[in-house]
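Structure file entry-v3.cif (mmCIF, C-alpha atoms and all ligand atoms) follows.
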```cif
data_work
#
loop_
_atom_site.label_atom_id
_atom_site.label_comp_id
_atom_site.auth_asym_id
_atom_site.auth_seq_id
_atom_site.Cartn_x
_atom_site.Cartn_y
_atom_site.Cartn_z
CA MET A 1 24.31 -17.17 29.43
CA ASP A 2 24.09 -14.62 26.65
CA ARG A 3 22.57 -15.33 23.29
CA ARG A 4 25.92 -15.93 21.67
CA ASP A 5 26.89 -18.60 24.22
CA PHE A 6 23.43 -20.05 23.96
CA LEU A 7 23.77 -20.48 20.22
CA LYS A 8 27.15 -22.13 20.67
CA ALA A 9 25.82 -24.51 23.28
CA GLY A 10 22.69 -25.32 21.29
CA GLY A 11 19.24 -25.35 22.80
CA ALA A 12 17.60 -28.10 24.76
CA GLY A 13 14.27 -29.76 24.07
CA LEU A 14 12.30 -28.32 21.23
CA ALA A 15 15.08 -25.97 20.30
CA SER A 16 16.52 -29.03 18.62
CA THR A 17 13.77 -28.70 16.04
CA LEU A 18 15.87 -25.79 14.82
CA MET A 19 18.68 -27.35 12.88
CA GLY A 20 22.09 -25.79 12.81
CA THR A 21 21.06 -24.02 9.64
CA GLY A 22 18.35 -22.15 11.53
CA LEU A 23 15.65 -23.56 9.29
CA LEU A 24 12.54 -25.05 10.78
CA SER A 25 13.10 -28.78 10.62
CA TRP A 26 10.13 -31.02 10.09
CA THR A 27 9.78 -34.79 9.92
CA PRO A 28 6.26 -36.01 9.24
CA ARG A 29 4.65 -38.55 11.53
CA SER A 30 1.72 -40.85 10.94
CA GLU A 31 0.84 -40.58 14.64
CA ALA A 32 0.00 -37.45 16.58
CA ALA A 33 2.52 -36.49 19.23
CA THR A 34 2.72 -34.34 22.31
CA ILE A 35 4.98 -31.32 21.88
CA SER A 36 6.26 -30.00 25.21
CA LYS A 37 7.96 -26.65 25.56
CA THR A 38 8.83 -24.42 28.50
CA TYR A 39 9.33 -20.67 28.15
CA TYR A 40 10.64 -18.31 30.81
CA ILE A 41 9.34 -14.75 30.76
CA ASN A 42 12.48 -12.76 31.43
CA ASP A 43 14.07 -9.42 30.61
CA GLY A 44 17.40 -7.83 29.78
CA THR A 45 19.07 -5.36 27.48
CA ARG A 46 20.51 -5.56 24.02
CA THR A 47 22.88 -3.18 22.24
CA MET A 48 21.33 -1.68 19.12
CA PRO A 49 23.26 -0.83 15.90
CA ASP A 50 23.97 2.74 17.07
CA GLY A 51 25.43 1.51 20.38
CA ILE A 52 22.37 2.36 22.48
CA SER A 53 21.33 -0.25 25.05
CA VAL A 54 17.60 -1.04 24.94
CA TYR A 55 15.47 -2.98 27.42
CA PHE A 56 13.50 -6.04 26.24
CA LYS A 57 11.24 -8.74 27.63
CA SER A 58 11.15 -12.20 26.09
CA TYR A 59 9.91 -15.77 26.22
CA GLY A 60 13.37 -17.22 26.81
CA ASP A 61 14.49 -20.83 26.62
CA SER A 62 16.05 -20.48 30.06
CA ALA A 63 15.59 -18.20 33.02
CA THR A 64 18.27 -15.89 31.71
CA THR A 65 18.27 -16.34 27.92
CA LEU A 66 16.80 -13.30 26.21
CA SER A 67 15.15 -14.50 22.99
CA MET A 68 13.41 -12.12 20.56
CA PRO A 69 11.51 -13.71 19.01
CA ALA A 70 10.98 -16.83 21.09
CA THR A 71 12.26 -20.16 19.79
CA PRO A 72 9.55 -21.21 17.32
CA ILE A 73 7.37 -24.28 17.66
CA ILE A 74 6.49 -26.55 14.75
CA CYS A 75 3.85 -29.27 15.00
CA GLN A 76 1.17 -30.96 12.91
CA GLU A 77 -2.60 -31.12 13.07
CA GLY A 78 -3.65 -33.60 15.76
CA ASP A 79 -0.62 -32.92 17.96
CA THR A 80 -1.07 -31.79 21.55
CA LEU A 81 0.81 -28.66 22.59
CA LYS A 82 1.87 -28.69 26.23
CA ILE A 83 3.35 -25.26 26.84
CA THR A 84 4.60 -24.15 30.23
CA VAL A 85 5.27 -20.46 30.81
CA ILE A 86 7.13 -19.32 33.92
CA ASN A 87 6.81 -15.63 34.74
CA ARG A 88 10.05 -14.43 36.32
CA LEU A 89 9.12 -10.74 36.19
CA LEU A 90 7.26 -8.50 38.62
CA LYS A 91 4.34 -7.69 36.30
CA THR A 92 1.50 -10.01 35.27
CA HIS A 93 1.96 -11.56 31.81
CA ASN A 94 0.34 -14.16 29.59
CA PHE A 95 0.93 -16.29 26.50
CA VAL A 96 -1.74 -16.30 23.81
CA ILE A 97 -1.68 -18.20 20.53
CA GLY A 98 -3.51 -15.85 18.18
CA GLY A 99 -6.08 -17.11 15.66
CA LEU A 100 -5.25 -17.77 12.03
CA LYS A 101 -7.10 -14.74 10.63
CA ALA A 102 -7.56 -11.28 12.10
CA GLY A 103 -10.65 -11.41 14.30
CA ASP A 104 -10.46 -15.18 14.85
CA PRO A 105 -10.54 -16.13 18.53
CA PRO A 106 -7.18 -17.20 19.97
CA LEU A 107 -6.32 -20.88 19.59
CA ALA A 108 -5.28 -21.08 23.23
CA SER A 109 -4.12 -18.96 26.15
CA THR A 110 -2.48 -19.44 29.53
CA GLY A 111 -4.68 -16.75 31.04
CA ASN A 112 -2.96 -14.22 33.29
CA ILE A 113 0.24 -15.41 34.95
CA ALA A 114 1.08 -13.45 38.10
CA SER A 115 4.63 -12.58 39.03
CA GLY A 116 6.48 -15.75 39.99
CA ALA A 117 3.65 -18.01 38.84
CA THR A 118 3.48 -20.60 36.05
CA GLY A 119 0.85 -20.77 33.32
CA THR A 120 0.12 -23.71 31.03
CA ILE A 121 -1.50 -24.48 27.72
CA ASN A 122 -2.70 -27.98 26.93
CA TYR A 123 -4.18 -27.80 23.45
CA THR A 124 -4.84 -30.46 20.85
CA VAL A 125 -4.66 -28.94 17.37
CA PRO A 126 -7.78 -29.82 15.37
CA THR A 127 -7.70 -30.76 11.70
CA GLY A 128 -8.03 -27.75 9.42
CA LYS A 129 -5.76 -25.49 11.46
CA ALA A 130 -2.62 -25.76 9.34
CA GLY A 131 -0.88 -22.43 8.91
CA SER A 132 1.34 -19.81 10.46
CA TYR A 133 0.51 -18.38 13.87
CA MET A 134 1.93 -15.82 16.24
CA PHE A 135 1.98 -16.24 19.99
CA TYR A 136 2.38 -13.18 22.18
CA ASP A 137 1.53 -11.41 25.42
CA ASN A 138 -1.61 -9.26 25.29
CA VAL A 139 -1.93 -8.23 28.93
CA THR A 140 -1.01 -4.78 27.60
CA SER A 141 -1.13 -3.47 24.04
CA TYR A 142 2.65 -3.04 24.00
CA ASN A 143 4.12 -6.16 25.65
CA ARG A 144 4.36 -7.73 22.22
CA PHE A 145 6.62 -4.93 20.96
CA LEU A 146 8.93 -5.39 23.95
CA GLY A 147 9.84 -8.85 22.66
CA LEU A 148 7.14 -11.16 24.03
CA HIS A 149 6.27 -12.90 20.77
CA GLY A 150 7.15 -15.86 18.59
CA GLY A 151 5.96 -18.10 15.77
CA LEU A 152 4.03 -21.38 15.69
CA ALA A 153 3.95 -23.42 12.48
CA ILE A 154 1.16 -25.99 12.17
CA MET A 155 1.74 -28.47 9.34
CA PRO A 156 -1.13 -30.31 7.66
CA SER A 157 -1.15 -33.84 9.05
CA GLY A 158 0.69 -36.26 6.80
CA SER A 159 2.45 -33.59 4.73
CA THR A 160 6.02 -32.43 4.79
CA THR A 161 5.96 -30.11 1.86
CA SER A 162 2.72 -28.15 1.83
CA LEU A 163 1.38 -25.24 3.80
CA TYR A 164 -2.24 -26.33 3.47
CA SER A 165 -4.00 -29.08 1.57
CA ASN A 166 -2.94 -28.94 -2.13
CA SER A 167 -0.80 -25.83 -1.67
CA PRO A 168 2.28 -25.30 -3.82
CA THR A 169 5.07 -27.31 -2.25
CA PHE A 170 8.40 -26.38 -0.69
CA LYS A 171 11.54 -28.08 0.53
CA LYS A 172 12.54 -25.82 3.43
CA GLN A 173 10.78 -23.37 5.69
CA LEU A 174 11.52 -20.56 8.11
CA PHE A 175 9.94 -17.60 9.89
CA TRP A 176 10.59 -13.94 9.19
CA ILE A 177 9.17 -12.15 12.23
CA PHE A 178 9.36 -8.37 11.95
CA ASN A 179 9.31 -5.90 14.82
CA ASP A 180 9.95 -2.20 15.25
CA ILE A 181 11.22 -0.63 18.41
CA ASP A 182 10.66 2.71 20.11
CA PRO A 183 13.32 2.84 22.83
CA ALA A 184 11.30 5.45 24.76
CA LEU A 185 8.51 2.90 25.27
CA HIS A 186 10.98 0.20 26.33
CA HIS A 187 12.66 2.59 28.77
CA ALA A 188 9.34 3.61 30.30
CA VAL A 189 8.51 -0.05 30.95
CA GLN A 190 11.98 -0.68 32.36
CA ILE A 191 11.69 2.09 34.95
CA ASN A 192 7.98 1.45 35.59
CA GLY A 193 7.29 4.95 34.30
CA THR A 194 4.44 6.50 32.37
CA ILE A 195 3.80 4.77 29.05
CA PRO A 196 4.27 7.32 26.22
CA THR A 197 1.22 8.16 24.12
CA THR A 198 3.29 8.64 20.97
CA TYR A 199 5.31 6.01 19.14
CA THR A 200 8.51 6.70 17.19
CA PRO A 201 10.15 3.55 15.86
CA ARG A 202 13.93 3.85 15.76
CA TYR A 203 14.97 0.24 15.16
CA PHE A 204 13.62 -2.38 12.75
CA THR A 205 14.31 -6.07 13.16
CA ILE A 206 13.84 -9.37 11.39
CA ASN A 207 13.87 -12.29 13.82
CA GLY A 208 15.13 -9.88 16.47
CA LEU A 209 18.18 -8.58 14.60
CA SER A 210 19.07 -5.64 12.36
CA SER A 211 21.56 -5.80 9.52
CA ARG A 212 25.17 -4.61 9.62
CA VAL A 213 26.97 -3.32 6.56
CA PRO A 214 30.43 -4.51 5.45
CA GLY A 215 33.04 -2.77 7.55
CA ALA A 216 30.73 -2.21 10.52
CA PRO A 217 31.56 -3.88 13.82
CA ASP A 218 29.74 -7.23 14.04
CA PHE A 219 29.28 -7.47 10.26
CA ASN A 220 28.72 -11.14 9.37
CA ASP A 221 28.30 -12.19 13.03
CA PRO A 222 25.29 -14.54 12.79
CA THR A 223 24.19 -13.70 16.36
CA ILE A 224 24.14 -9.94 15.68
CA ASP A 225 23.92 -9.27 11.92
CA ALA A 226 20.54 -10.12 10.36
CA LEU A 227 22.24 -10.61 6.98
CA ALA A 228 24.11 -13.59 8.41
CA ASP A 229 21.49 -14.94 10.84
CA PRO A 230 20.76 -18.55 9.80
CA ARG A 231 17.20 -18.17 11.11
CA SER A 232 16.55 -15.43 8.51
CA ARG A 233 18.83 -15.74 5.50
CA LEU A 234 17.65 -17.70 2.50
CA SER A 235 20.35 -20.07 1.40
CA GLY A 236 19.84 -22.68 -1.25
CA ARG A 237 20.61 -24.14 -4.61
CA VAL A 238 18.40 -23.73 -7.65
CA GLY A 239 15.21 -25.66 -6.85
CA ASP A 240 15.43 -25.32 -3.05
CA ARG A 241 11.95 -23.85 -2.77
CA THR A 242 11.66 -22.20 0.66
CA LEU A 243 8.46 -21.31 2.49
CA ILE A 244 8.73 -18.00 4.33
CA ARG A 245 6.24 -17.56 7.15
CA MET A 246 6.19 -13.77 7.61
CA LEU A 247 4.68 -12.32 10.76
CA ASN A 248 4.60 -8.66 11.77
CA THR A 249 4.36 -8.06 15.48
CA GLY A 250 5.19 -4.35 15.18
CA MET A 251 3.40 -1.06 14.55
CA CYS A 252 4.87 -0.40 11.08
CA SER A 253 3.57 -1.93 7.87
CA HIS A 254 6.24 -3.15 5.47
CA SER A 255 6.82 -3.73 1.79
CA VAL A 256 8.86 -6.94 1.75
CA HIS A 257 11.05 -7.01 -1.34
CA THR A 258 13.27 -9.80 -2.64
CA HIS A 259 15.93 -9.63 -5.32
CA ALA A 260 16.75 -12.33 -7.89
CA ASN A 261 13.35 -14.12 -7.73
CA HIS A 262 9.75 -13.12 -7.30
CA MET A 263 7.90 -14.77 -4.41
CA GLU A 264 4.85 -17.03 -4.81
CA TRP A 265 2.24 -15.34 -2.65
CA LEU A 266 0.12 -18.04 -0.98
CA THR A 267 -1.71 -16.40 1.90
CA ASN A 268 -2.57 -12.95 3.19
CA ASN A 269 -3.40 -12.38 6.86
CA GLY A 270 -4.27 -16.04 7.34
CA SER A 271 -6.46 -16.44 4.25
CA VAL A 272 -5.45 -18.58 1.30
CA ARG A 273 -5.37 -16.38 -1.80
CA PRO A 274 -7.68 -17.43 -4.65
CA SER A 275 -4.71 -17.67 -7.00
CA VAL A 276 -0.97 -17.64 -6.49
CA TRP A 277 0.59 -14.43 -7.75
CA LYS A 278 4.30 -13.96 -8.27
CA LYS A 279 5.47 -10.73 -6.67
CA ASP A 280 8.81 -9.17 -5.78
CA CYS A 281 7.15 -6.83 -3.26
CA LEU A 282 4.54 -7.93 -0.72
CA TYR A 283 2.59 -5.66 1.61
CA LEU A 284 2.89 -6.97 5.16
CA ARG A 285 0.32 -5.26 7.37
CA ASN A 286 1.31 -3.98 10.82
CA ASN A 287 -0.22 -5.24 14.09
CA LEU A 288 -0.13 -9.02 13.56
CA GLY A 289 -0.08 -8.97 9.76
CA LYS A 290 0.88 -12.26 8.12
CA ILE A 291 2.01 -13.54 4.75
CA ASP A 292 3.08 -17.00 3.62
CA ALA A 293 5.14 -16.99 0.45
CA ILE A 294 7.53 -19.35 -1.31
CA TYR A 295 10.90 -18.16 -2.55
CA PRO A 296 11.33 -20.54 -5.48
CA PHE A 297 15.11 -20.42 -5.96
CA ASP A 298 14.66 -20.36 -9.73
CA PRO A 299 17.68 -19.27 -11.75
CA PRO A 300 17.50 -15.45 -11.52
CA PRO A 301 15.50 -14.67 -14.68
CA ASP A 302 16.81 -11.15 -15.30
CA ALA A 303 20.52 -11.80 -14.91
CA TYR A 304 22.73 -11.30 -17.91
CA PRO A 305 25.06 -13.03 -18.34
CA PRO A 306 22.96 -15.82 -16.78
CA VAL A 307 23.90 -16.89 -13.24
CA THR A 308 22.80 -19.65 -10.87
CA THR A 309 24.90 -18.56 -7.89
CA GLY A 310 25.38 -15.30 -6.08
CA HIS A 311 24.27 -13.07 -3.22
CA PHE A 312 21.19 -10.88 -3.23
CA PRO A 313 19.30 -8.87 -0.60
CA MET A 314 15.84 -8.96 0.91
CA HIS A 315 15.04 -5.50 2.15
CA LEU A 316 11.93 -3.48 2.94
CA HIS A 317 10.83 -0.97 0.35
CA ASP A 318 10.56 2.06 2.52
CA GLU A 319 13.42 4.20 3.65
CA MET A 320 12.65 4.32 7.36
CA SER A 321 12.83 0.57 7.98
CA GLN A 322 16.30 0.45 6.38
CA THR A 323 17.75 2.60 9.13
CA ALA A 324 18.62 2.52 12.82
CA GLY A 325 18.69 5.30 15.39
CA GLY A 326 17.02 7.80 13.09
CA GLY A 327 19.45 7.67 10.15
CA LEU A 328 22.05 4.89 10.11
CA TYR A 329 21.32 3.57 6.64
CA GLN A 330 21.22 -0.18 6.00
CA PHE A 331 21.13 -1.05 9.69
CA GLY A 332 17.46 -2.00 9.49
CA ALA A 333 15.44 -5.13 8.77
CA MET A 334 17.28 -6.81 5.92
CA THR A 335 18.68 -10.24 5.22
CA GLU A 336 20.61 -12.07 2.56
CA ILE A 337 19.55 -14.43 -0.21
CA GLU A 338 22.33 -16.79 -1.20
CA PHE A 339 22.25 -18.96 -4.33
CA LEU A 340 24.82 -21.67 -3.60
CU CU B 1 16.14 -3.69 -3.72
#
```

Written as structure tokens, how would this file's structure read?
Amino acid sequence: MDRRDFLKAGGAGLASTLMGTGLLSWTPRSEAATISKTYYINDGTRTMPDGISVYFKSYGDSATTLSMPATPIICQEGDTLKITVINRLLKTHNFVIGGLKAGDPPLASTGNIASGATGTINYTVPTGKAGSYMFYDNVTSYNRFLGLHGGLAIMPSGSTTSLYSNSPTFKKQLFWIFNDIDPALHHAVQINGTIPTTYTPRYFTINGLSSRVPGAPDFNDPTIDALADPRSRLSGRVGDRTLIRMLNTGMCSHSVHTHANHMEWLTNNGSVRPSVWKKDCLYLRNNLGKIDAIYPFDPPPDAYPPVTTGHFPMHLHDEMSQTAGGGLYQFGAMTEIEFL
């Protein structure tokens, strides 16, 4: 089943925590629960904006569903995560839930999973661990870039609307997971060749997709065009404050820039900031950088005549990450902000 069919069919199990809108859906519970999820380490190819086919590995929802990033998990403090990871590839892999801050020990790991074997995580989330996490493969330094990564959201117990105790509140939440892709690296892995010692990113993705401009093939296809992907695009009415859990699995740092509203900058690389600044550009570090920010969906303050509806972009404020294949402009990591 390809990704498009998969999206039509809808996912099973925890994938149902992703509503049709693509937002992370969360219903608070007074009791802790066990969250069970199975991932299949698989591989396949995807056609990039310039028509080139590139090899990827992923934590898929089925044996054959390529999913970059993996379907996210959302839970609350006190829950038990029961994660099963089936390695369908020939190489050894693993599944590690990284710590909250750089340098923190991992929350949990399957350990190495040999070809054909199954690894498990059985982890009860302690109090005080609320936040945004990335899970990934670290058997090699580059498996993450190939697609073996995803997001884990841990909610404070008893809260539906805060990131951490007494944080500014939100109504909706989603992940923006950024990656950059050097097809030479992916090809070397595909053919079991020598891993290159240089890295030249040629594609830039948000939640696994690049944008397409009006008139391009696949423009507005939510399974191909990052502008239309319901997992990425911000869509709301005035007041629909949306938490964006930004993770950067790639090698390139980014300047994440939103139009229409400034973002409320809550955390940087896992640490709560001493005060909330409002910024329209946020520096997202490479190599597992993280930011949590709220897009407030205030009436756009600079619009004249005043507006409360309209379409605006989120793009990255450096030229390279707005391109694909070494020059195709506006086929990079970008998504849409829609005031309904
Ligand atoms: Cu701009």

Problem set entry | At most 7 Å from ligand CU 1 (chain B) (only C-alpha atoms and all ligand atoms): residue list as a count of residues only | 5

Exercise. Quick one: residues within 8 Å of region 145-157 of chain A, only C-alpha atoms counted, chain neighbours fewer than 6 positions away excluded, as a ChimeraX atom specification?
Worked result: /A:28-30,41,55-59,67-78,127-137,163-165,175,177,179-181,186,247,249-250

For this session: State, in Å with one decimal place, the distance from CA of Thr47 (chain A) to CA of Val213 (chain A).
Result: 16.2 Å

Mind working out the centre and edge lengths of an axis-aligned box for region 326-339 of chain A, all listed atoms inside, 6 Å added to each side, rounded to one decimal in Å and written as JSON?
```
{"center_x": 18.9, "center_y": -5.6, "center_z": 4.4, "size_x": 18.9, "size_y": 38.8, "size_z": 29.4}
```

Exercise. Using only C-alpha atoms, which residues sit within 6 Å of region 319-336 of chain A once same-chain residues fewer than 5 positions away are excluded, as an MDAnalysis selection string?
Worked result: chainID A and resid 202:206 210:212 226:227 233 312:314

Exercise. Neighbours of Thr120 (chain A) within 6 Å (all atoms listed in the file; same-chain residues fewer than 3 positions away dropped), as a VMD selection string?
Worked result: chain A and resid 83 to 84 110

For this session: Counting all atoms listed in the file, find the residues whose atoms lie at most 9 Å from (0.8, -4.1, 16.5) (file coordinates) and write them out as a ChimeraX atom specification.
Result: /A:141-142,144-145,179,248-252,286-289

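Of the listed residues (A:Thr64, A:Thr38, A:Gln190, A:Ser53), A:Thr38 comes nearest to Ile86 (chain A); the distances count all atoms listed in the file.
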
Exercise. Using only C-alpha atoms, which residue out of A:Met48, A:Leu284, A:Ala228, A:Phe170 lies closest to Glu264 (chain A)?
Worked result: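 Among the listed residues, the smallest separation from Glu264 (chain A) belongs to A:Phe170.
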
For this session: List the residues sitting within 12 Å of (6.9, -18.2, -4.9) in the file's frame, using all atoms listed in the file, as a PyMOL selection string.
Result: chain A and resi 167-170+239-244+258+260-267+275-282+291-298

Problem set entry | Using all atoms listed in the file: which of A:Leu209, A:Ala216, A:Ala303, A:Leu81 has the shortest distance to Asp229 (chain A) | A:Leu209

Seminar exercise, completed: The distance between CA of Thr118 (chain A) and CA of Gly103 (chain A) is 27.5 Å

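The coordinates place CA of Ile195 (chain A) at 11.5 Å from CA of Asp182 (chain A).
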
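Proximity to Pro49 (chain A) was assessed for A:Gln173, A:Arg88, A:Thr65, A:Asp225 counting all atoms listed in the file; the smallest distance is recorded for A:Asp225.
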
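In terms of minimum interatomic distance to Thr309 (chain A), A:Phe339 ranks closest within A:Phe339, A:Tyr40, A:Phe219, A:Trp176, counting only C-alpha atoms.
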
Exercise. Which of these residues is nearest to Leu340 (chain A), using only C-alpha atoms: A:Arg273, A:Ser255, A:Pro299, A:Ile52?
Worked result: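 Counting only C-alpha atoms, the residue closest to Leu340 (chain A) is A:Pro299.
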